[in-house]
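Undergrad: Provided herewith is a single structure, encoded as structure tokens, for subsequent inquiry.
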Amino acid sequence: MNSVQIEDQIRQLALLNADAMYQDDFLLTWDRSDEEIAAVFKTAEILWSMRRKNISPRAFDSGLAISLFRDNSTRTRFSFSSASNLLGLTVQDLDEEKSQIAHGETVRETANMVSFMADVIGIRDDMYIGKGNAYMREVSKAVSQGYVAGILEQRPTLVNLQCDIDHPTQSMADALHLIQHFGGIEKLRGKKIAMSWAYSPSYGKPLSVPQGIVGLMTRFGMDVTLAHPEGYGIMPEVETIAKRNAETSGGSFTKTDSMAEAFEDTDIVYPKSWAPFNAMEKRTELYGNNDMDDIKALEKELLAQNAKFKEWECTETLMDLTKNKRALYMHCLPADITGVSCTQGEVAASVFDRFRDPLYMEASFKPYAIAAMIFLAKFSNPVEKLLQIHQRGQNRVL
Amino acid sequence: MNSVQIEDQIRQLALLNADAMYQDDFLLTWDRSDEEIAAVFKTAEILWSMRRKNISPRAFDSGLAISLFRDNSTRTRFSFSSASNLLGLTVQDLDEEKSQIAHGETVRETANMVSFMADVIGIRDDMYIGKGNAYMREVSKAVSQGYVAGILEQRPTLVNLQCDIDHPTQSMADALHLIQHFGGIEKLRGKKIAMSWAYSPSYGKPLSVPQGIVGLMTRFGMDVTLAHPEGYGIMPEVETIAKRNAETSGGSFTKTDSMAEAFEDTDIVYPKSWAPFNAMEKRTELYGNNDMDDIKALEKELLAQNAKFKEWECTETLMDLTKNKRALYMHCLPADITGVSCTQGEVAASVFDRFRDPLYMEASFKPYAIAAMIFLAKFSNPVEKLLQIHQRGQNRVL
Amino acid sequence: MNSVQIEDQIRQLALLNADAMYQDDFLLTWDRSDEEIAAVFKTAEILWSMRRKNISPRAFDSGLAISLFRDNSTRTRFSFSSASNLLGLTVQDLDEEKSQIAHGETVRETANMVSFMADVIGIRDDMYIGKGNAYMREVSKAVSQGYVAGILEQRPTLVNLQCDIDHPTQSMADALHLIQHFGGIEKLRGKKIAMSWAYSPSYGKPLSVPQGIVGLMTRFGMDVTLAHPEGYGIMPEVETIAKRNAETSGGSFTKTDSMAEAFEDTDIVYPKSWAPFNAMEKRTELYGNNDMDDIKALEKELLAQNAKFKEWECTETLMDLTKNKRALYMHCLPADITGVSCTQGEVAASVFDRFRDPLYMEASFKPYAIAAMIFLAKFSNPVEKLLQIHQRGQNRVL
């Protein structure tokens, strides 16, 4: 990768229309056009290339990036920190205790009060069905109002760091991994990917990863299979989106209740546990009523239900069913590894071990995906700005 | 606002003598001369203008801004973060648990240990009468000693982010809001402001806001009325300062026990709950003795006392008494809004709603007030430095 | 100190071979050659001189410095923050709760996940014998693997901010203090230092300070005496290192069970409490078994044992035994001061008070020691880079 190649990449970005991303948020991948999605990939690649060549893509001399995590997350926290820092923004955590979380005017007020000098707000809120994405939209509306009213000098852009519906920074990083692995976004056409449920001894894992994967990967002409046991369905709305995407892109979206069937002759496998959508909806309702006895009963019931599907594990035997026995194994991490992090889990230790380096590489794209989303939202002329950064040639490290 | 206007503003700053602010702290507005107060306003306006024109007023290539919050505060935390970040300083939180708080030599030691590379220390300590400001002065003395002894390479400047006596970053931001609203500091002369107690269902709200307001607004030739029910008096020392200020400035300071009387024909209303000074003194004593039963009894007594004054609410009827029925409504936020955040509170929802945008605007000046205090304390020649920043013309955002 | 002197210092640094520090960690002072130790001192002095002359030694335009503290520490936290900030790195805390701490693959995974844009990782892990340094080496191995595999664009360097074996940032800062106090590293030759146990009413203080001191000071041709009551021995491995160092450097390493004997005619005293090594080993084992009853019994036993040695206090009488009655008193702070922070402790109030300024000065070198360790690990050509920084002449404060 040399300078000429970076300029080539920037010229490729110039061919993509991402104008509508300016001053907007990144909340769901299916809110964004194919060209916008491609522009995020391209921008991420440019930022990645620059940093590898020790060119600092700092675009802000000062400015805050607010992080609001309603769930603990070391990985996402560091990805957001890294992306913000790379662009010159300083992270300020907004520690909103659960008890203080409110909606309506309180959200509007807090969103404005913290945003006087904020360029970005990253939110993770994935715990309750119907809540996380809705909350992000409330915050978005609040800061837009504040900006229009002249209260906020700049409109902070929101980045969805995981909600109840989608996990766009994960799925976009996963796609970047596939693009790099297969040698280009156009190479994904016709590739088979199995997004499969897998057994875990834990309970209540979010649906946003499988939903994000089928909602995004169906756009690239891929053959996407969603596999899960009876009763572990995802949000119907997301399935509808996946079907529509597949039709438009010339790919396919199919479902099966057999892990083996999903793995058959596939290029990529993504075995991962999640909670049934219906149960998560019920759980949200129970939490709303503060019904702790029923929550405990539901948890017990779900763990018992999970235990019926212990054979949903990504073993070597299953991997042997895949194309040339060597599909790419993916995971958002951390994984439940049989005999390592639990007695029985999502994946056999030998499978996981073989893919450790690619898995870490997969994760390494997330800071760049986030930085690209921010960049395209903050600049009306990203191509011009990237050229300016490139020509400036400021070293990241002296 | 264009470049010429910024240079004009800087030239106006040059006419004000703020030399004594250099290497000093900002602890109480009445510690500072009228010209110094005016210099803070002018510097805040200059920084505000620069940022709006995308000129970065970064004055530090590195350096720490220590935040020490002995009370939770999202808003003040973000204001301090924003101000520090704007000038190029990095916030490092000092999490001093209550149990570890000590005085004397321990304060001296900790203050020095954390300040080797600290340019600023922002402290919020507003819980106990007689404690917060005294603590700030201990820290100030400690870092001054350390600086004189050559232990600290630079003397960190202290900014009072709220104490038991004053809330200077709030009152200065409020004044900036009035200056902008009425079109200049000289336009405040003769304006009437009602700083009024208001009912709240909560207990023990600090006195620093009303004290800060009457202690500052009396300096601009305004007619300041302090209204509260019998028994809700503020610190006598601050009343003395307000009286003296009013005499000097040609304004007035009057007291009343009627909210309606205070609102009559006034230009500005600031209705806000606070705890009686005497009760807060007693509470501090009880906490000193760790007398939890008596503290609970006092709390119960105060809530019962509060409840006698539920009619102290800023309603539309009361607002109709103000000048042309359209006084400016102010609040430090968050407010107790009747029917919104509580059954009955400080202000009617319709009044609050009409003033939502101005209230948020009022709050937006706080980061600039803090940044201006820091700037004038850190530079012996702020005018020259601001011209240098302006001519440098470094963009905040690429 | 002027520019010429800084260039002189840089030229002196050029005479020292510190090549092996590049891309390596700073975990134990005895892992590093004499020239490397001298290079850290020299680099620290250069950075100190630059900052005093308002030259910003910022070497990173962006980049993270990860802090991982498994024990609370305001002082070390601020030292690490200050050093990172001085060089242009942004601290991101990794809050690893004890329950989540694991070894093996989990460490490998987490270390990679947080390090995609991390240039430095500072770890404090001093609680359990056999654990802290071992953990650091696991993290180091993990990020080295990630770097070699191309997952990490850069290899984050580890800085040991205190472990079970050594406290290199403390001992190196202490040495810088001695160098400055006595006028040069070569002036330390033949000086006597008494590293003495002292009584404290608390329990379980880490051994890393006395171990770090005898492991480092024996390298400069000093006469190092380790004094402690019977049963308060340090790690035998470190004693071996101290002996070997003394032989090589032409100094000496002796032990005594008398504080008075250690103080006799000495130039420097370092009286400080610590827990017996054997007891700490036992405690680690008990914690490993989660054996809370036995832990409490051990604690009680150790406090009783401590109480037998209350006369191990650094009093004026003992100080009078030292060379010309005016040895330099040192401590890593905070000290247990008799009649101030406890009824009876490590040092008499009058002794401590006389040395307050030198003690704070001693502590002030820690940020520079850390920054120097980072600098030498991150640059293959530190001399060239320091000259470049010096010639650039960027002001730290405008």
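Chain lettering (A, B, ...) mirrors the order of the structure tokens, residue numbering begins at 1 for each chain separately, and ligand numbering begins at 1 in order of display.
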Any chance you could tabulate, as JSON lines, the residues of chain C at most 6 Å from chain A with each one's nearest atom pair and distance in Å to one decimal, using only C-alpha atoms, in chain and rising number order?

TA:
```
{"residue": "C:Ala59", "atom": "CA", "partner": "A:Leu398", "partner_atom": "CA", "distance": 5.0}
{"residue": "C:Phe60", "atom": "CA", "partner": "A:Val397", "partner_atom": "CA", "distance": 4.6}
{"residue": "C:Asp61", "atom": "CA", "partner": "A:Arg396", "partner_atom": "CA", "distance": 4.8}
{"residue": "C:Ser62", "atom": "CA", "partner": "A:Leu86", "partner_atom": "CA", "distance": 5.7}
{"residue": "C:Val114", "atom": "CA", "partner": "A:Phe78", "partner_atom": "CA", "distance": 5.6}
{"residue": "C:Met117", "atom": "CA", "partner": "A:Ser82", "partner_atom": "CA", "distance": 5.9}
{"residue": "C:Ile151", "atom": "CA", "partner": "A:Met361", "partner_atom": "CA", "distance": 5.3}
```

Undergrad: Export N, CA, C and O atoms of the chosen residues as a PDB file, in the first residue's frame?

TA:
```
ATOM      1  N   ALA C  59       4.887  13.305  20.999  1.00  0.00           N
ATOM      2  CA  ALA C  59       5.445  12.433  19.963  1.00  0.00           C
ATOM      3  C   ALA C  59       4.356  11.653  19.229  1.00  0.00           C
ATOM      4  O   ALA C  59       4.635  10.967  18.261  1.00  0.00           O
ATOM      5  N   PHE C  60       3.123  11.774  19.722  1.00  0.00           N
ATOM      6  CA  PHE C  60       1.997  11.060  19.104  1.00  0.00           C
ATOM      7  C   PHE C  60       0.895  12.069  18.770  1.00  0.00           C
ATOM      8  O   PHE C  60       0.513  12.866  19.619  1.00  0.00           O
ATOM      9  N   ASP C  61       0.396  11.995  17.548  1.00  0.00           N
ATOM     10  CA  ASP C  61      -0.728  12.843  17.183  1.00  0.00           C
ATOM     11  C   ASP C  61      -2.034  12.210  17.660  1.00  0.00           C
ATOM     12  O   ASP C  61      -3.012  12.899  17.913  1.00  0.00           O
ATOM     13  N   SER C  62      -2.031  10.889  17.753  1.00  0.00           N
ATOM     14  CA  SER C  62      -3.124  10.148  18.386  1.00  0.00           C
ATOM     15  C   SER C  62      -2.571   8.816  18.872  1.00  0.00           C
ATOM     16  O   SER C  62      -1.429   8.465  18.557  1.00  0.00           O
ATOM     17  N   VAL C 114      -8.310  -4.850  22.994  1.00  0.00           N
ATOM     18  CA  VAL C 114      -8.220  -3.449  23.432  1.00  0.00           C
ATOM     19  C   VAL C 114      -7.039  -2.721  22.787  1.00  0.00           C
ATOM     20  O   VAL C 114      -6.922  -1.503  22.910  1.00  0.00           O
ATOM     21  N   MET C 117      -5.452   0.121  18.713  1.00  0.00           N
ATOM     22  CA  MET C 117      -4.838   1.444  18.537  1.00  0.00           C
ATOM     23  C   MET C 117      -4.081   1.877  19.795  1.00  0.00           C
ATOM     24  O   MET C 117      -3.946   3.067  20.066  1.00  0.00           O
ATOM     25  N   ILE C 151      -2.289  -8.464  13.394  1.00  0.00           N
ATOM     26  CA  ILE C 151      -3.581  -8.028  13.948  1.00  0.00           C
ATOM     27  C   ILE C 151      -3.441  -6.636  14.544  1.00  0.00           C
ATOM     28  O   ILE C 151      -4.292  -5.779  14.361  1.00  0.00           O
TER      29      ILE C 151
END
```

Undergrad: Set out as a Markdown table a contact list for region 151-189 of chain A and region 20-26 of chain A with a cut-off of 10 Å, giving each residue of region 151-189 of chain A that qualifies its closest atom pair and distance in Å to one decimal, counting only C-alpha atoms, ordered by chain and rising residue number.

TA:
```
| residue | atom | partner | partner_atom | distance |
| --- | --- | --- | --- | --- |
| A:Gln154 | CA | A:Gln23 | CA | 9.1 |
| A:Arg155 | CA | A:Gln23 | CA | 6.7 |
| A:Pro156 | CA | A:Gln23 | CA | 7.9 |
| A:Thr157 | CA | A:Asp25 | CA | 5.2 |
| A:Leu158 | CA | A:Asp25 | CA | 4.7 |
| A:Val159 | CA | A:Phe26 | CA | 5.0 |
| A:Asn160 | CA | A:Phe26 | CA | 6.2 |
| A:Leu161 | CA | A:Phe26 | CA | 9.3 |
| A:Pro168 | CA | A:Phe26 | CA | 7.8 |
| A:Thr169 | CA | A:Phe26 | CA | 9.0 |
```

Undergrad: Which residues in region 165-383 of chain A does DSSP call strand (DSSP E or B)? List them as a list in words.

TA: Lys192, Ile193, Ala194, Met195, Ser196, Trp197, Asp223, Val224, Thr225, Leu226, Ala227, Ser252, Phe253, Thr254, Lys255, Thr256, Ile268, Val269, Tyr270, Pro271, Lys272, Cys314, Leu328, Tyr329, Ile337, Thr338, Cys342 and Val347 of chain A

Undergrad: May I have the residues from that selection written out with N, CA and C atoms, as a PDB file, in the first residue's frame?

TA:
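Listed below is the output, part-v6.pdb:
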```pdb
ATOM      1  N   LYS A 192     -21.686 -18.174   0.053  1.00  0.00           N
ATOM      2  CA  LYS A 192     -22.685 -18.657   1.013  1.00  0.00           C
ATOM      3  C   LYS A 192     -22.239 -18.356   2.443  1.00  0.00           C
ATOM      4  N   ILE A 193     -23.152 -17.850   3.234  1.00  0.00           N
ATOM      5  CA  ILE A 193     -22.866 -17.624   4.659  1.00  0.00           C
ATOM      6  C   ILE A 193     -23.985 -18.231   5.497  1.00  0.00           C
ATOM      7  N   ALA A 194     -23.569 -18.957   6.542  1.00  0.00           N
ATOM      8  CA  ALA A 194     -24.538 -19.556   7.459  1.00  0.00           C
ATOM      9  C   ALA A 194     -24.507 -18.800   8.780  1.00  0.00           C
ATOM     10  N   MET A 195     -25.569 -18.035   9.026  1.00  0.00           N
ATOM     11  CA  MET A 195     -25.722 -17.377  10.333  1.00  0.00           C
ATOM     12  C   MET A 195     -26.523 -18.341  11.175  1.00  0.00           C
ATOM     13  N   SER A 196     -25.825 -18.994  12.105  1.00  0.00           N
ATOM     14  CA  SER A 196     -26.493 -20.075  12.814  1.00  0.00           C
ATOM     15  C   SER A 196     -26.554 -19.834  14.312  1.00  0.00           C
ATOM     16  N   TRP A 197     -27.671 -20.161  14.909  1.00  0.00           N
ATOM     17  CA  TRP A 197     -27.771 -20.212  16.352  1.00  0.00           C
ATOM     18  C   TRP A 197     -26.791 -21.279  16.847  1.00  0.00           C
ATOM     19  N   ASP A 223     -25.592 -15.666  -0.579  1.00  0.00           N
ATOM     20  CA  ASP A 223     -26.638 -16.610  -0.197  1.00  0.00           C
ATOM     21  C   ASP A 223     -26.586 -16.769   1.313  1.00  0.00           C
ATOM     22  N   VAL A 224     -27.545 -16.169   1.966  1.00  0.00           N
ATOM     23  CA  VAL A 224     -27.541 -16.109   3.429  1.00  0.00           C
ATOM     24  C   VAL A 224     -28.537 -17.102   3.991  1.00  0.00           C
ATOM     25  N   THR A 225     -28.058 -17.975   4.843  1.00  0.00           N
ATOM     26  CA  THR A 225     -28.950 -18.915   5.524  1.00  0.00           C
ATOM     27  C   THR A 225     -28.984 -18.582   7.012  1.00  0.00           C
ATOM     28  N   LEU A 226     -30.198 -18.496   7.518  1.00  0.00           N
ATOM     29  CA  LEU A 226     -30.382 -18.315   8.959  1.00  0.00           C
ATOM     30  C   LEU A 226     -30.846 -19.642   9.533  1.00  0.00           C
ATOM     31  N   ALA A 227     -30.058 -20.169  10.463  1.00  0.00           N
ATOM     32  CA  ALA A 227     -30.389 -21.468  11.044  1.00  0.00           C
ATOM     33  C   ALA A 227     -30.609 -21.326  12.539  1.00  0.00           C
ATOM     34  N   SER A 252     -29.773 -14.586  -1.906  1.00  0.00           N
ATOM     35  CA  SER A 252     -30.927 -15.305  -1.368  1.00  0.00           C
ATOM     36  C   SER A 252     -30.905 -15.251   0.150  1.00  0.00           C
ATOM     37  N   PHE A 253     -32.084 -15.457   0.718  1.00  0.00           N
ATOM     38  CA  PHE A 253     -32.214 -15.544   2.172  1.00  0.00           C
ATOM     39  C   PHE A 253     -33.093 -16.739   2.488  1.00  0.00           C
ATOM     40  N   THR A 254     -32.515 -17.746   3.107  1.00  0.00           N
ATOM     41  CA  THR A 254     -33.285 -18.940   3.440  1.00  0.00           C
ATOM     42  C   THR A 254     -33.156 -19.253   4.917  1.00  0.00           C
ATOM     43  N   LYS A 255     -34.115 -20.028   5.395  1.00  0.00           N
ATOM     44  CA  LYS A 255     -34.094 -20.418   6.805  1.00  0.00           C
ATOM     45  C   LYS A 255     -34.114 -21.929   6.917  1.00  0.00           C
ATOM     46  N   THR A 256     -33.535 -22.397   8.019  1.00  0.00           N
ATOM     47  CA  THR A 256     -33.547 -23.836   8.258  1.00  0.00           C
ATOM     48  C   THR A 256     -33.493 -24.059   9.758  1.00  0.00           C
ATOM     49  N   ILE A 268     -18.806 -19.429   4.525  1.00  0.00           N
ATOM     50  CA  ILE A 268     -18.612 -18.728   5.807  1.00  0.00           C
ATOM     51  C   ILE A 268     -19.624 -19.259   6.809  1.00  0.00           C
ATOM     52  N   VAL A 269     -19.168 -19.474   8.060  1.00  0.00           N
ATOM     53  CA  VAL A 269     -20.115 -19.831   9.124  1.00  0.00           C
ATOM     54  C   VAL A 269     -19.993 -18.804  10.252  1.00  0.00           C
ATOM     55  N   TYR A 270     -21.136 -18.499  10.863  1.00  0.00           N
ATOM     56  CA  TYR A 270     -21.186 -17.512  11.951  1.00  0.00           C
ATOM     57  C   TYR A 270     -22.075 -18.107  13.032  1.00  0.00           C
ATOM     58  N   PRO A 271     -21.573 -19.102  13.795  1.00  0.00           N
ATOM     59  CA  PRO A 271     -22.398 -19.753  14.813  1.00  0.00           C
ATOM     60  C   PRO A 271     -22.337 -18.978  16.131  1.00  0.00           C
ATOM     61  N   LYS A 272     -23.480 -18.656  16.657  1.00  0.00           N
ATOM     62  CA  LYS A 272     -23.549 -17.702  17.773  1.00  0.00           C
ATOM     63  C   LYS A 272     -24.863 -17.869  18.501  1.00  0.00           C
ATOM     64  N   CYS A 314     -20.514 -25.707  16.974  1.00  0.00           N
ATOM     65  CA  CYS A 314     -19.705 -25.683  15.748  1.00  0.00           C
ATOM     66  C   CYS A 314     -18.486 -26.592  15.936  1.00  0.00           C
ATOM     67  N   LEU A 328     -14.767 -20.067   6.293  1.00  0.00           N
ATOM     68  CA  LEU A 328     -14.248 -19.096   7.260  1.00  0.00           C
ATOM     69  C   LEU A 328     -15.184 -19.072   8.467  1.00  0.00           C
ATOM     70  N   TYR A 329     -14.622 -19.248   9.644  1.00  0.00           N
ATOM     71  CA  TYR A 329     -15.415 -19.186  10.884  1.00  0.00           C
ATOM     72  C   TYR A 329     -15.394 -17.756  11.422  1.00  0.00           C
ATOM     73  N   ILE A 337     -16.566 -21.232  24.375  1.00  0.00           N
ATOM     74  CA  ILE A 337     -15.765 -22.296  23.769  1.00  0.00           C
ATOM     75  C   ILE A 337     -15.827 -23.541  24.644  1.00  0.00           C
ATOM     76  N   THR A 338     -16.225 -24.638  24.032  1.00  0.00           N
ATOM     77  CA  THR A 338     -16.381 -25.887  24.777  1.00  0.00           C
ATOM     78  C   THR A 338     -15.055 -26.315  25.420  1.00  0.00           C
ATOM     79  N   CYS A 342     -16.436 -22.746  29.015  1.00  0.00           N
ATOM     80  CA  CYS A 342     -17.600 -23.428  29.585  1.00  0.00           C
ATOM     81  C   CYS A 342     -17.495 -24.918  29.250  1.00  0.00           C
ATOM     82  N   VAL A 347     -18.808 -23.435  20.291  1.00  0.00           N
ATOM     83  CA  VAL A 347     -17.803 -23.855  19.327  1.00  0.00           C
ATOM     84  C   VAL A 347     -16.777 -24.778  19.993  1.00  0.00           C
TER      85      VAL A 347
END
```

Undergrad: For Ala134 (chain C), work out the shell of residues within 10 Å, counting only C-alpha atoms and skipping chain neighbours fewer than 4 positions away, then give it as a ChimeraX atom specification.

TA: /C:103,125,129-130,138-140,163-165

Undergrad: I need the residues from that last selection saved to file as an mmCIF file, in the first residue's frame (with N, CA, C and O atoms), if you can.

TA:
```cif
data_model
loop_
_atom_site.group_PDB
_atom_site.id
_atom_site.type_symbol
_atom_site.label_atom_id
_atom_site.label_comp_id
_atom_site.auth_asym_id
_atom_site.auth_seq_id
_atom_site.Cartn_x
_atom_site.Cartn_y
_atom_site.Cartn_z
ATOM 1 N N HIS C 103 -6.923 -16.094 33.039
ATOM 2 C CA HIS C 103 -5.598 -16.242 32.460
ATOM 3 C C HIS C 103 -5.698 -16.991 31.148
ATOM 4 O O HIS C 103 -6.783 -17.306 30.680
ATOM 5 N N ASP C 125 -0.538 -4.367 39.362
ATOM 6 C CA ASP C 125 -1.089 -5.634 39.843
ATOM 7 C C ASP C 125 -0.125 -6.162 40.899
ATOM 8 O O ASP C 125 0.767 -6.949 40.618
ATOM 9 N N ILE C 129 1.407 -12.505 45.489
ATOM 10 C CA ILE C 129 2.729 -13.044 45.182
ATOM 11 C C ILE C 129 2.621 -14.054 44.042
ATOM 12 O O ILE C 129 1.761 -14.933 44.062
ATOM 13 N N GLY C 130 3.477 -13.904 43.082
ATOM 14 C CA GLY C 130 3.490 -14.871 41.982
ATOM 15 C C GLY C 130 2.496 -14.578 40.882
ATOM 16 O O GLY C 130 2.439 -15.299 39.886
ATOM 17 N N GLU C 138 2.099 -12.405 30.529
ATOM 18 C CA GLU C 138 1.066 -12.985 29.669
ATOM 19 C C GLU C 138 0.527 -11.946 28.686
ATOM 20 O O GLU C 138 0.341 -12.228 27.507
ATOM 21 N N VAL C 139 0.249 -10.755 29.211
ATOM 22 C CA VAL C 139 -0.268 -9.689 28.341
ATOM 23 C C VAL C 139 0.777 -9.339 27.288
ATOM 24 O O VAL C 139 0.465 -9.172 26.104
ATOM 25 N N SER C 140 2.024 -9.255 27.715
ATOM 26 C CA SER C 140 3.101 -8.907 26.794
ATOM 27 C C SER C 140 3.200 -9.924 25.662
ATOM 28 O O SER C 140 3.319 -9.558 24.487
ATOM 29 N N CYS C 163 4.191 -4.327 40.592
ATOM 30 C CA CYS C 163 3.758 -5.724 40.614
ATOM 31 C C CYS C 163 4.171 -6.344 41.940
ATOM 32 O O CYS C 163 4.522 -5.641 42.889
ATOM 33 N N ASP C 164 4.095 -7.640 42.033
ATOM 34 C CA ASP C 164 4.463 -8.338 43.268
ATOM 35 C C ASP C 164 5.979 -8.358 43.482
ATOM 36 O O ASP C 164 6.444 -8.548 44.606
ATOM 37 N N ILE C 165 6.747 -8.130 42.422
ATOM 38 C CA ILE C 165 8.204 -8.258 42.506
ATOM 39 C C ILE C 165 8.908 -6.906 42.540
ATOM 40 O O ILE C 165 9.765 -6.659 43.370
#
```

Undergrad: Select from region 23-148 of chain A everything DSSP, run on the backbone, classes as helix (DSSP H, G or I), then give the selection as an MDAnalysis selection string.

TA: chainID A and resid 29:31 34:52 74:87 98:100 105:114 132:148

Undergrad: Set the distance at 10 Å and use only C-alpha atoms: which residues neighbour His167 (chain B) once local chain neighbours fewer than 5 positions away are removed? I'd like the list as a tab-separated table (two decimals) with N, CA, C and O atoms, in the first residue's frame.

TA:
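Writing done, so here's result-v1.tsv:
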```
chain	number	residue	atom	x	y	z
B	27	LEU	N	-12.90	31.53	42.68
B	27	LEU	CA	-13.64	30.85	43.75
B	27	LEU	C	-14.97	31.53	44.09
B	27	LEU	O	-15.95	30.85	44.38
B	28	LEU	N	-14.99	32.85	44.10
B	28	LEU	CA	-16.22	33.59	44.39
B	28	LEU	C	-16.25	34.79	43.45
B	28	LEU	O	-15.22	35.46	43.27
B	29	THR	N	-17.40	35.09	42.87
B	29	THR	CA	-17.43	36.24	41.95
B	29	THR	C	-17.05	37.52	42.69
B	29	THR	O	-16.44	38.41	42.11
B	124	ARG	N	-16.11	20.55	42.58
B	124	ARG	CA	-17.49	20.74	43.02
B	124	ARG	C	-17.63	20.12	44.40
B	124	ARG	O	-17.40	18.92	44.58
B	126	ASP	N	-20.39	21.01	47.27
B	126	ASP	CA	-21.47	21.91	47.68
B	126	ASP	C	-22.38	21.34	48.76
B	126	ASP	O	-23.42	21.91	49.06
B	160	ASN	N	-13.98	27.02	40.87
B	160	ASN	CA	-15.07	26.58	41.74
B	160	ASN	C	-16.25	26.16	40.88
B	160	ASN	O	-16.92	27.00	40.28
B	161	LEU	N	-16.50	24.86	40.83
B	161	LEU	CA	-17.60	24.35	40.02
B	161	LEU	C	-18.88	24.19	40.85
B	161	LEU	O	-19.82	23.53	40.43
B	162	GLN	N	-18.91	24.79	41.97
B	162	GLN	CA	-20.04	24.88	42.91
B	162	GLN	C	-19.56	24.54	44.31
B	162	GLN	O	-19.02	23.47	44.53
B	172	MET	N	-22.12	33.20	36.25
B	172	MET	CA	-21.46	33.90	35.14
B	172	MET	C	-22.08	33.49	33.80
B	172	MET	O	-22.25	34.32	32.90
B	206	PRO	N	-28.89	22.91	47.29
B	206	PRO	CA	-27.87	23.86	47.72
B	206	PRO	C	-28.30	25.33	47.58
B	206	PRO	O	-29.15	25.67	46.77
B	207	LEU	N	-27.67	26.14	48.39
B	207	LEU	CA	-27.95	27.58	48.40
B	207	LEU	C	-27.09	28.34	47.42
B	207	LEU	O	-27.25	29.55	47.24
B	208	SER	N	-26.17	27.65	46.78
B	208	SER	CA	-25.16	28.37	46.01
B	208	SER	C	-25.73	29.10	44.80
B	208	SER	O	-25.20	30.12	44.39
B	209	VAL	N	-26.85	28.61	44.25
B	209	VAL	CA	-27.41	29.31	43.10
B	209	VAL	C	-28.03	30.66	43.51
B	209	VAL	O	-27.63	31.69	42.98
B	210	PRO	N	-28.99	30.66	44.45
B	210	PRO	CA	-29.52	31.99	44.80
B	210	PRO	C	-28.43	32.93	45.33
B	210	PRO	O	-28.43	34.12	45.00
B	211	GLN	N	-27.51	32.41	46.11
B	211	GLN	CA	-26.43	33.25	46.64
B	211	GLN	C	-25.57	33.80	45.50
B	211	GLN	O	-25.20	34.97	45.49
B	212	GLY	N	-25.25	32.91	44.55
B	212	GLY	CA	-24.45	33.34	43.41
B	212	GLY	C	-25.15	34.41	42.59
B	212	GLY	O	-24.51	35.37	42.14
B	213	ILE	N	-26.48	34.24	42.43
B	213	ILE	CA	-27.24	35.19	41.60
B	213	ILE	C	-27.31	36.56	42.27
B	213	ILE	O	-27.00	37.58	41.64
```

Undergrad: Any idea what's packed within 8 Å of Ala242 (chain B), counting only C-alpha atoms, ignoring anything in its chain fewer than 4 positions away? Could you give it as a list in words?

TA: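 Non-adjacent residues within range: Val214, Gly215, Leu216, Thr218, Val238, Ala246 and Phe253 of chain B.
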
Undergrad: Measuring between only C-alpha atoms, which one of B:His228, B:Thr315, B:Met222, B:Thr322 shows the shortest distance to Thr248 (chain B)?

TA: B:Met222

Undergrad: Could you tell me how far CA of Leu94 (chain C) sits from CA of Tyr287 (chain C), in Å to one decimal place?

TA: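 We find that CA of Tyr287 (chain C) and CA of Leu94 (chain C) lie 23.2 Å from each other.
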
Undergrad: What does the distance between CA of Phe352 (chain B) and CA of Leu318 (chain B) come to in Å, to one decimal place?

TA: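 About the pair CA of Phe352 (chain B) and CA of Leu318 (chain B): they are 13.0 Å apart.
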
Undergrad: Quick check, in Å to one decimal: how far apart do CA of Ala349 (chain C) and CA of Ala369 (chain C) lie?

TA: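 Interatomic distance here is 28.9 Å.
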
Undergrad: For Leu303 (chain C), find every residue with an atom within 10 Å (counting only C-alpha atoms), except residues of its own chain fewer than 5 positions away, and show them as a list in words.

TA: Ser200, Pro201, Ser202, Tyr203, Gly204, Ala275, Leu298 and Lys308 of chain C

Undergrad: Any chance you could export the current selection's C-alpha atoms as an mmCIF file, in the first residue's frame?

TA:
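Writing the result to out.cif gives the following:
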```
data_model
loop_
_atom_site.group_PDB
_atom_site.id
_atom_site.type_symbol
_atom_site.label_atom_id
_atom_site.label_comp_id
_atom_site.auth_asym_id
_atom_site.auth_seq_id
_atom_site.Cartn_x
_atom_site.Cartn_y
_atom_site.Cartn_z
ATOM 1 C CA SER C 200 2.654 0.413 60.450
ATOM 2 C CA PRO C 201 -0.707 -0.365 62.025
ATOM 3 C CA SER C 202 -1.915 -1.652 58.661
ATOM 4 C CA TYR C 203 -1.419 -5.046 57.123
ATOM 5 C CA GLY C 204 -0.288 -6.536 53.857
ATOM 6 C CA ALA C 275 4.459 -7.525 54.848
ATOM 7 C CA LEU C 298 -3.604 -14.680 59.106
ATOM 8 C CA LYS C 308 5.900 -6.321 68.443
#
```
